[in-house]
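So this one's model_38.csv, CSV, C-alpha atoms:
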```csv
chain,number,residue,atom,x,y,z
A,1,MET,CA,89.9,129.7,87.7
A,2,ARG,CA,86.3,128.8,88.2
A,3,PRO,CA,84.1,131.3,90.1
A,4,ALA,CA,83.1,130.3,93.6
A,5,PRO,CA,79.8,128.3,93.5
A,6,LEU,CA,76.9,129.6,95.5
A,7,ASP,CA,76.0,126.1,96.7
A,8,LEU,CA,79.4,124.9,98.0
A,9,ARG,CA,79.0,122.6,101.0
A,10,PRO,CA,79.3,124.2,104.4
A,11,GLY,CA,82.7,124.1,106.0
A,12,LEU,CA,84.6,124.1,102.8
A,13,VAL,CA,86.5,127.1,101.4
A,14,TRP,CA,86.8,128.0,97.7
A,15,PRO,CA,90.3,129.4,96.8
A,16,VAL,CA,90.7,133.0,95.8
A,17,PRO,CA,93.3,134.9,93.8
A,18,ILE,CA,95.4,137.8,95.0
A,19,ASP,CA,93.4,141.0,95.3
A,20,PRO,CA,95.4,144.2,95.7
A,21,THR,CA,92.6,145.7,97.6
A,22,GLY,CA,92.4,142.8,100.1
A,23,ARG,CA,88.6,142.6,99.8
A,24,ARG,CA,88.2,139.4,97.9
A,25,GLY,CA,91.5,137.8,98.5
A,26,PRO,CA,94.9,138.3,100.0
A,27,THR,CA,97.0,141.3,99.0
A,28,PRO,CA,100.4,140.4,97.5
A,29,GLY,CA,102.1,141.0,100.8
A,30,SER,CA,99.6,139.1,103.0
A,31,ALA,CA,99.7,136.1,100.6
A,32,ARG,CA,103.4,135.7,101.6
A,33,GLY,CA,102.5,135.8,105.3
A,34,PRO,CA,101.3,133.1,107.7
A,35,ARG,CA,97.6,133.8,107.4
A,36,TRP,CA,97.3,132.3,103.9
A,37,ARG,CA,98.5,129.2,102.1
A,38,ARG,CA,98.8,128.5,98.4
A,39,SER,CA,96.3,126.0,97.1
A,40,GLY,CA,97.3,126.2,93.4
A,41,PRO,CA,99.0,128.6,91.0
A,42,GLY,CA,97.8,132.0,91.9
A,43,LEU,CA,95.2,130.7,94.3
A,44,TYR,CA,95.0,130.9,98.1
A,45,VAL,CA,93.0,129.8,101.1
A,46,PRO,CA,93.3,130.8,104.8
A,47,SER,CA,96.1,128.9,106.4
A,48,ASP,CA,93.8,127.4,109.1
A,49,VAL,CA,91.8,125.5,106.4
A,50,ASP,CA,92.7,121.8,106.6
A,51,ALA,CA,94.8,121.0,103.6
A,52,HIS,CA,94.4,117.2,104.1
A,53,ALA,CA,90.6,116.9,104.4
A,54,PRO,CA,89.5,115.0,101.3
A,55,GLU,CA,86.6,117.3,100.4
A,56,GLN,CA,88.7,120.4,100.8
A,57,ARG,CA,91.3,118.9,98.5
A,58,VAL,CA,88.6,118.3,95.9
A,59,VAL,CA,87.4,121.9,96.2
A,60,GLU,CA,91.0,123.3,95.8
A,61,ALA,CA,91.5,121.2,92.7
A,62,ALA,CA,88.1,122.0,91.2
A,63,ALA,CA,88.8,125.8,91.5
A,64,ARG,CA,91.4,125.3,88.8
A,65,LEU,CA,89.2,123.5,86.3
A,66,PRO,CA,88.2,125.1,83.0
A,67,ALA,CA,84.5,125.3,82.1
A,68,SER,CA,84.6,121.9,80.3
A,69,GLY,CA,86.6,120.0,83.0
A,70,ALA,CA,85.7,117.7,85.8
A,71,ILE,CA,87.2,115.9,88.8
A,72,THR,CA,87.4,112.1,88.3
A,73,GLY,CA,88.8,109.0,90.0
A,74,TRP,CA,88.7,108.6,93.8
A,75,ALA,CA,88.1,112.3,94.3
A,76,GLY,CA,85.0,112.3,92.2
A,77,LEU,CA,83.6,109.3,93.9
A,78,ARG,CA,84.4,110.7,97.3
A,79,TRP,CA,82.5,113.9,96.4
A,80,LEU,CA,79.5,111.8,95.5
A,81,GLY,CA,79.4,109.9,98.8
A,82,ALA,CA,82.0,107.1,98.6
A,83,THR,CA,83.3,108.0,102.1
A,84,TRP,CA,85.8,105.1,102.3
A,85,LEU,CA,87.8,106.6,99.5
A,86,ASP,CA,89.8,109.1,101.5
A,87,GLY,CA,92.5,109.8,99.0
A,88,ARG,CA,95.3,108.1,100.8
A,89,THR,CA,97.6,105.2,99.8
A,90,PRO,CA,96.7,101.8,101.2
A,91,ASP,CA,99.2,102.2,104.1
A,92,GLY,CA,97.7,105.5,104.9
A,93,ARG,CA,101.1,107.3,104.8
A,94,ALA,CA,100.7,109.4,101.7
A,95,GLU,CA,98.1,111.3,99.8
A,96,ARG,CA,97.0,110.4,96.3
A,97,ASP,CA,96.7,113.1,93.7
A,98,VAL,CA,93.3,114.6,92.8
A,99,VAL,CA,92.8,114.1,89.1
A,100,LEU,CA,91.7,117.0,87.0
A,101,LEU,CA,90.2,115.9,83.7
A,102,ALA,CA,90.3,118.7,81.2
A,103,THR,CA,90.7,118.0,77.5
A,104,ASN,CA,93.0,120.5,75.7
A,105,ALA,CA,93.4,122.7,78.7
A,106,ASP,CA,96.7,124.2,79.8
A,107,ILE,CA,96.8,123.4,83.5
A,108,ARG,CA,100.1,123.9,85.4
A,109,PRO,CA,101.3,121.2,87.7
A,110,PHE,CA,100.8,121.5,91.4
A,111,PRO,CA,101.6,119.2,94.3
A,112,GLY,CA,98.7,116.9,95.1
A,113,GLN,CA,96.9,117.4,91.8
A,114,ARG,CA,97.3,115.6,88.5
A,115,PHE,CA,96.1,116.6,85.1
A,116,SER,CA,94.6,114.1,82.5
A,117,ALA,CA,93.9,115.2,79.0
A,118,GLU,CA,91.6,112.2,78.1
A,119,ARG,CA,88.6,113.2,76.1
A,120,LEU,CA,85.5,113.9,78.1
A,121,ASN,CA,81.9,113.7,76.9
A,122,PRO,CA,79.9,116.5,78.5
A,123,CYS,CA,77.1,113.9,79.2
A,124,GLU,CA,79.5,112.3,81.7
A,125,VAL,CA,79.8,115.3,83.9
A,126,ARG,CA,77.6,116.2,86.9
A,127,VAL,CA,77.9,119.4,88.9
A,128,VAL,CA,77.1,118.5,92.5
A,129,ASP,CA,77.3,121.2,95.2
A,130,GLY,CA,79.2,123.4,92.8
A,131,VAL,CA,81.9,120.9,91.9
A,132,PRO,CA,81.9,119.2,88.4
A,133,VAL,CA,82.7,115.5,88.7
A,134,THR,CA,82.5,112.6,86.2
A,135,VAL,CA,79.6,110.2,86.6
A,136,PRO,CA,80.4,107.3,89.0
A,137,VAL,CA,81.0,104.6,86.3
A,138,ARG,CA,83.5,106.9,84.6
A,139,SER,CA,85.3,107.6,87.8
A,140,VAL,CA,85.3,103.9,88.8
A,141,CYS,CA,86.7,102.9,85.4
A,142,PHE,CA,89.4,105.6,85.7
A,143,GLU,CA,90.4,104.0,89.1
A,144,LEU,CA,90.4,100.5,87.5
A,145,ARG,CA,92.4,101.7,84.5
A,146,TYR,CA,95.0,103.7,86.5
A,147,PRO,CA,95.1,101.9,89.9
A,148,GLU,CA,97.3,103.3,92.7
A,149,GLY,CA,98.3,99.7,93.5
A,150,GLU,CA,97.9,96.3,91.9
A,151,ARG,CA,94.5,95.7,93.5
A,152,GLU,CA,93.4,99.1,94.6
A,153,GLY,CA,91.2,99.7,91.6
A,154,ILE,CA,89.0,96.8,92.7
A,155,VAL,CA,89.0,98.3,96.2
A,156,ALA,CA,87.7,101.6,94.7
A,157,ALA,CA,85.0,99.8,92.7
A,158,ASP,CA,83.9,97.9,95.8
A,159,MET,CA,83.6,101.1,97.9
A,160,ALA,CA,81.7,102.8,95.1
A,161,ALA,CA,79.2,99.9,95.1
A,162,TYR,CA,79.1,100.1,98.9
A,163,ALA,CA,77.9,103.7,98.5
A,164,ASN,CA,75.4,102.5,95.8
A,165,LEU,CA,77.1,104.7,93.2
A,166,VAL,CA,77.7,102.0,90.7
A,167,SER,CA,76.9,98.3,90.1
A,168,ARG,CA,79.0,95.7,88.5
A,169,ALA,CA,76.4,95.4,85.7
A,170,GLU,CA,76.8,99.2,85.0
A,171,ILE,CA,80.6,98.8,84.8
A,172,GLY,CA,80.1,96.0,82.3
A,173,ASP,CA,77.7,98.0,80.3
A,174,TYR,CA,80.2,100.9,80.2
A,175,LEU,CA,83.1,98.8,78.9
A,176,PRO,CA,82.2,99.2,75.2
A,177,HIS,CA,82.7,102.9,75.6
A,178,LEU,CA,86.3,102.3,76.6
A,179,SER,CA,87.3,100.2,73.6
A,180,GLY,CA,90.9,101.2,72.7
A,181,TRP,CA,91.4,103.3,75.8
A,182,THR,CA,94.4,102.9,78.1
A,183,GLY,CA,93.9,100.2,80.7
A,184,VAL,CA,90.6,98.9,79.4
A,185,GLN,CA,91.9,95.3,79.8
A,186,ARG,CA,92.4,96.0,83.5
A,187,VAL,CA,88.7,96.8,83.8
A,188,ARG,CA,87.8,93.6,82.0
A,189,ASP,CA,90.0,91.5,84.3
A,190,ALA,CA,88.7,93.2,87.4
A,191,LEU,CA,85.0,93.0,86.7
A,192,PRO,CA,84.5,89.4,88.0
A,193,LEU,CA,86.4,90.3,91.2
A,194,ILE,CA,84.2,93.2,92.1
A,195,SER,CA,81.8,92.8,95.0
A,196,GLU,CA,78.7,94.9,95.6
A,197,ASN,CA,78.6,94.0,99.3
A,198,SER,CA,82.1,94.6,100.7
A,199,TRP,CA,81.9,97.0,103.6
A,200,SER,CA,85.4,98.3,103.9
A,201,PRO,CA,88.7,98.4,101.9
A,202,PRO,CA,90.4,95.9,104.3
A,203,GLU,CA,87.6,93.4,103.7
A,204,THR,CA,88.1,93.7,99.9
A,205,ARG,CA,91.9,93.2,100.3
A,206,MET,CA,91.3,90.2,102.4
A,207,ARG,CA,88.9,88.7,99.9
A,208,LEU,CA,91.4,89.3,97.1
A,209,VAL,CA,94.1,87.4,99.0
A,210,TRP,CA,91.6,84.5,99.3
A,211,LEU,CA,90.9,84.5,95.6
A,212,LEU,CA,94.2,85.5,93.9
A,213,ASP,CA,96.9,84.3,96.3
A,214,ALA,CA,95.2,81.3,97.9
A,215,GLY,CA,93.5,80.4,94.7
A,216,LEU,CA,90.3,79.6,96.5
A,217,PRO,CA,86.7,79.7,95.1
A,218,PRO,CA,84.5,82.8,95.3
A,219,VAL,CA,83.1,83.8,98.6
A,220,LEU,CA,80.0,85.6,99.9
A,221,CYS,CA,80.5,89.0,101.3
A,222,ASN,CA,78.6,90.0,104.5
A,223,GLN,CA,76.0,87.4,104.0
A,224,PRO,CA,73.9,86.9,107.2
A,225,VAL,CA,74.1,83.4,108.8
A,226,PHE,CA,71.3,81.9,110.9
A,227,ASP,CA,70.8,78.8,113.0
A,228,ARG,CA,67.9,76.4,112.2
A,229,ARG,CA,65.6,78.2,114.5
A,230,GLY,CA,66.1,81.5,112.6
A,231,ARG,CA,68.4,83.2,115.1
A,232,HIS,CA,70.9,85.5,113.5
A,233,LEU,CA,74.3,84.2,114.4
A,234,GLY,CA,76.4,86.8,112.6
A,235,THR,CA,77.3,88.5,109.3
A,236,PRO,CA,80.9,87.4,108.4
A,237,ASP,CA,83.0,89.6,106.2
A,238,ILE,CA,83.6,86.7,103.8
A,239,LEU,CA,82.0,83.3,103.8
A,240,ASP,CA,82.8,80.1,101.9
A,241,PRO,CA,79.4,78.4,102.0
A,242,VAL,CA,80.7,75.1,100.5
A,243,ALA,CA,83.5,74.3,103.0
A,244,GLY,CA,81.9,76.3,105.9
A,245,VAL,CA,84.7,78.8,106.4
A,246,LEU,CA,84.4,82.4,107.4
A,247,GLY,CA,86.9,85.2,107.6
A,248,GLU,CA,86.7,88.4,109.6
A,249,TYR,CA,88.8,91.6,109.5
A,250,ASP,CA,89.4,92.9,113.0
A,251,GLY,CA,90.3,96.5,112.5
A,252,ALA,CA,90.4,99.1,115.2
A,253,GLU,CA,87.9,101.2,113.2
A,254,PHE,CA,85.3,98.5,113.9
A,255,HIS,CA,86.3,97.1,117.3
A,256,LEU,CA,87.1,100.0,119.6
A,257,GLY,CA,86.2,99.3,123.2
A,258,PRO,CA,85.8,96.2,125.4
A,259,SER,CA,82.1,96.0,124.8
A,260,ASN,CA,82.5,95.7,121.1
A,261,ARG,CA,85.2,93.1,121.4
A,262,ARG,CA,83.0,91.0,123.8
A,263,ARG,CA,80.2,91.2,121.3
A,264,ASP,CA,82.5,90.0,118.5
A,265,VAL,CA,83.9,87.1,120.6
A,266,GLY,CA,80.4,86.0,121.5
A,267,ARG,CA,79.4,86.1,117.8
A,268,GLU,CA,82.5,84.1,116.8
A,269,ASP,CA,81.7,81.5,119.4
A,270,ASP,CA,78.1,81.1,118.1
A,271,LEU,CA,79.4,80.7,114.6
A,272,ARG,CA,82.0,78.1,115.6
A,273,ALA,CA,79.4,76.2,117.7
A,274,ALA,CA,77.2,76.0,114.6
A,275,GLY,CA,80.1,74.2,112.7
A,276,LEU,CA,81.8,77.1,110.9
A,277,GLU,CA,85.6,77.2,110.8
A,278,THR,CA,86.9,80.8,111.3
A,279,PHE,CA,90.0,82.9,110.8
A,280,SER,CA,90.7,86.6,111.6
A,281,VAL,CA,92.8,89.2,110.0
A,282,VAL,CA,94.1,92.2,111.8
A,283,ALA,CA,95.5,95.5,110.4
A,284,GLY,CA,98.6,95.0,108.3
A,285,GLN,CA,98.2,91.3,107.7
A,286,THR,CA,96.8,91.7,104.2
A,287,ALA,CA,100.2,93.1,103.2
A,288,ASP,CA,101.7,89.6,103.9
A,289,ARG,CA,99.8,87.9,101.1
A,290,ASP,CA,101.7,84.6,101.1
A,291,GLY,CA,101.4,84.2,104.9
A,292,LEU,CA,97.7,85.1,104.9
A,293,ALA,CA,97.0,82.8,102.0
A,294,ALA,CA,98.7,79.9,103.7
A,295,ARG,CA,96.6,80.5,106.8
A,296,MET,CA,93.5,80.6,104.7
A,297,LEU,CA,94.4,77.2,103.1
A,298,ARG,CA,95.0,75.7,106.5
A,299,THR,CA,91.7,76.9,107.8
A,300,ARG,CA,89.8,75.5,104.9
A,301,ALA,CA,91.6,72.2,105.3
A,302,ARG,CA,90.2,72.0,108.8
A,303,ALA,CA,86.6,72.8,107.7
A,304,ARG,CA,83.8,70.3,108.2
A,305,TRP,CA,82.4,70.4,104.6
A,306,GLN,CA,79.0,69.5,105.9
A,307,ASP,CA,76.0,68.6,103.8
A,308,PRO,CA,73.8,71.7,103.7
A,309,ALA,CA,70.8,69.6,104.6
A,310,THR,CA,72.3,68.5,107.9
A,311,ARG,CA,74.5,71.4,109.1
A,312,ALA,CA,73.4,73.6,112.0
A,313,TRP,CA,73.6,76.9,110.1
A,314,THR,CA,71.8,78.2,107.1
A,315,LEU,CA,71.8,81.2,104.8
A,316,VAL,CA,68.0,81.1,104.4
A,317,PRO,CA,66.6,84.1,106.4
A,318,PRO,CA,63.6,83.6,108.7
A,319,ALA,CA,60.3,85.1,107.8
A,320,GLY,CA,60.4,88.9,108.1
A,321,TRP,CA,64.0,89.4,107.0
A,322,ARG,CA,64.8,91.1,103.7
A,323,LEU,CA,68.4,91.0,102.5
A,324,ARG,CA,69.9,93.9,100.7
A,325,LEU,CA,73.1,92.4,99.3
A,326,THR,CA,73.2,94.2,95.9
A,327,VAL,CA,73.3,97.7,94.7
A,328,ALA,CA,69.9,97.2,93.0
A,329,ASP,CA,68.3,96.0,96.2
A,330,ARG,CA,69.7,98.9,98.2
A,331,ARG,CA,68.7,101.5,95.7
A,332,ALA,CA,65.2,100.1,95.8
A,333,GLY,CA,65.1,101.0,99.5
A,334,CYS,CA,63.8,97.7,100.7
A,335,GLY,CA,63.4,97.6,104.5
A,336,ARG,CA,64.9,99.6,107.3
A,337,PRO,CA,68.5,100.1,108.5
A,338,ALA,CA,70.3,97.1,110.0
A,339,VAL,CA,70.4,96.8,113.7
A,340,HIS,CA,73.1,94.1,114.1
A,341,SER,CA,76.6,95.2,114.9
A,342,ARG,CA,79.2,96.2,112.3
A,343,GLY,CA,76.8,96.5,109.4
A,344,PRO,CA,76.3,99.6,107.2
A,345,PRO,CA,72.9,101.1,107.2
A,346,GLY,CA,70.4,99.1,105.3
A,347,ALA,CA,72.5,95.9,104.9
A,348,VAL,CA,70.0,93.5,106.2
A,349,VAL,CA,66.6,93.9,107.9
A,350,PRO,CA,65.0,91.8,110.6
```

Show the structure stored in the file as structure tokens.
Amino acid sequence: MRPAPLDLRPGLVWPVPIDPTGRRGPTPGSARGPRWRRSGPGLYVPSDVDAHAPEQRVVEAAARLPASGAITGWAGLRWLGATWLDGRTPDGRAERDVVLLATNADIRPFPGQRFSAERLNPCEVRVVDGVPVTVPVRSVCFELRYPEGEREGIVAADMAAYANLVSRAEIGDYLPHLSGWTGVQRVRDALPLISENSWSPPETRMRLVWLLDAGLPPVLCNQPVFDRRGRHLGTPDILDPVAGVLGEYDGAEFHLGPSNRRRDVGREDDLRAAGLETFSVVAGQTADRDGLAARMLRTRARARWQDPATRAWTLVPPAGWRLRLTVADRRAGCGRPAVHSRGPPGAVVP
């Protein structure tokens, strides 16, 4: 096992082996009792440590790594700040494995952890707060090459971009390094579908239904919309600027409480009054891809298709607004955090 790091994040617990003296770990007898739980072969943490917290799961897997190994995939991205990647399946009912990347190492299987023997360049490893993880582009490409579901690799890439960990250009630049690797064609196929400004996994899944199931043209993600006087009408999750159609994901995580819902309804009314046709998606509806795609097509058929010169809404921001719609713009730190509802910090600045 790896020794406990001195800079481990507060609140996390590094696993320990059995210690016959009981000073640095459980004795053989206490390890079998209720005060300890097994976190890996020969490793234990106190039983009151949350076994389902994503960061704790990363730590428990990292303790088993050899000196040359690293955590990759969703877990590596989570450790670096991709907070939307919680290590659960899309329906939230099961936990995904933490992937331990360790070339030529003999790592025994353990529930919730998976071993990969892919070769690893030491230049692609960072030690962050005591845990070795692969660099973001390597972790994203692992998710794209070995997706949990048909489209979940794109979800992971979007959420890594949301956290400003990787850009679409960086993924494209990394592709030559994967020539001949398992799943590289999945990365090539996914690259045009990745957005740098999707704000949640459900938004990405909704957009992919629009593109892949409804067969509709590319959309803008979280692009602010204004009226001709420069008033900010809203920032739709997805926007078809040609037809004048917007889609919103109404998830409980965004819309708790009557005041939030009143604000959302008012915003939707303003956008409709400006001539935009709208549709909403609630939790679970993205699983019915055919039904949702049909609704998207019906909505687009009702759209006004107005001439950009005459319509009441515009994408041109008024003076004083700076948009931060790409990873490069957000890394540059242009402007202050957003103040409109439902946006992540730094999305758009009045």

A:Pro10 surroundings by only C-alpha atoms, 12 Å radius, close-in-sequence under 6 positions cut, as a ChimeraX atom specification: /A:55-56,59,129-130

For atom CA of A:Gly266 and atom CA of A:Val281, the interatomic separation in Å (one decimal): 17.2 Å

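Atom CA of A:Leu325 is found 22.2 Å from atom CA of A:Ser280.
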
Contacts of stretch 220-226 of chain A at 6 Å (all atoms listed in the file; same-chain gap of 6+ positions) as a list of chain:residue names: A:Asn197, A:Ser198, A:His232, A:Leu233, A:Gly234, A:Thr235, A:Pro236, A:Asp237, A:Ile238, A:Leu239, A:Trp313, A:Thr314, A:Leu315

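Among the candidates A:Arg64, A:Arg231, A:Arg24, A:Arg205, the residue lying nearest to A:Ile107 is A:Arg64 (atoms considered: all atoms listed in the file).
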
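The spacing separating atom CA of A:Thr182 from atom CA of A:Gly153 amounts to 14.2 Å.
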
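Comparing A:Glu203, A:Glu95, A:Glu152, A:Asp173 by their smallest distance to A:Ala51, the closest is A:Glu95 (using all atoms listed in the file).
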
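Of the listed residues (A:Ala94, A:Ala312, A:Ala243, A:Cys141), A:Cys141 comes nearest to A:Arg188; the distances count only C-alpha atoms.
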
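Of the listed residues A:Val327, A:Ala309, A:Met206, A:Leu100, the one whose atoms come nearest to A:Arg295 is A:Met206, with distances taken using only C-alpha atoms.
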
Non-local contacts of A:Arg138 (9 Å; only C-alpha atoms; under 2 positions in same chain excluded) as JSON, numbers by chain: {"A": [72, 73, 124, 134, 135, 136, 140, 141, 142, 143, 171, 174]}

Answer as a list in words, residues within 12 Å of (93.8, 129.1, 79.5) using all atoms listed in the file: Met1, Arg2, Arg64, Leu65, Pro66, Ala67, Ser68, Ala102, Thr103, Asn104, Ala105, Asp106, Ile107 and Arg108 of chain A
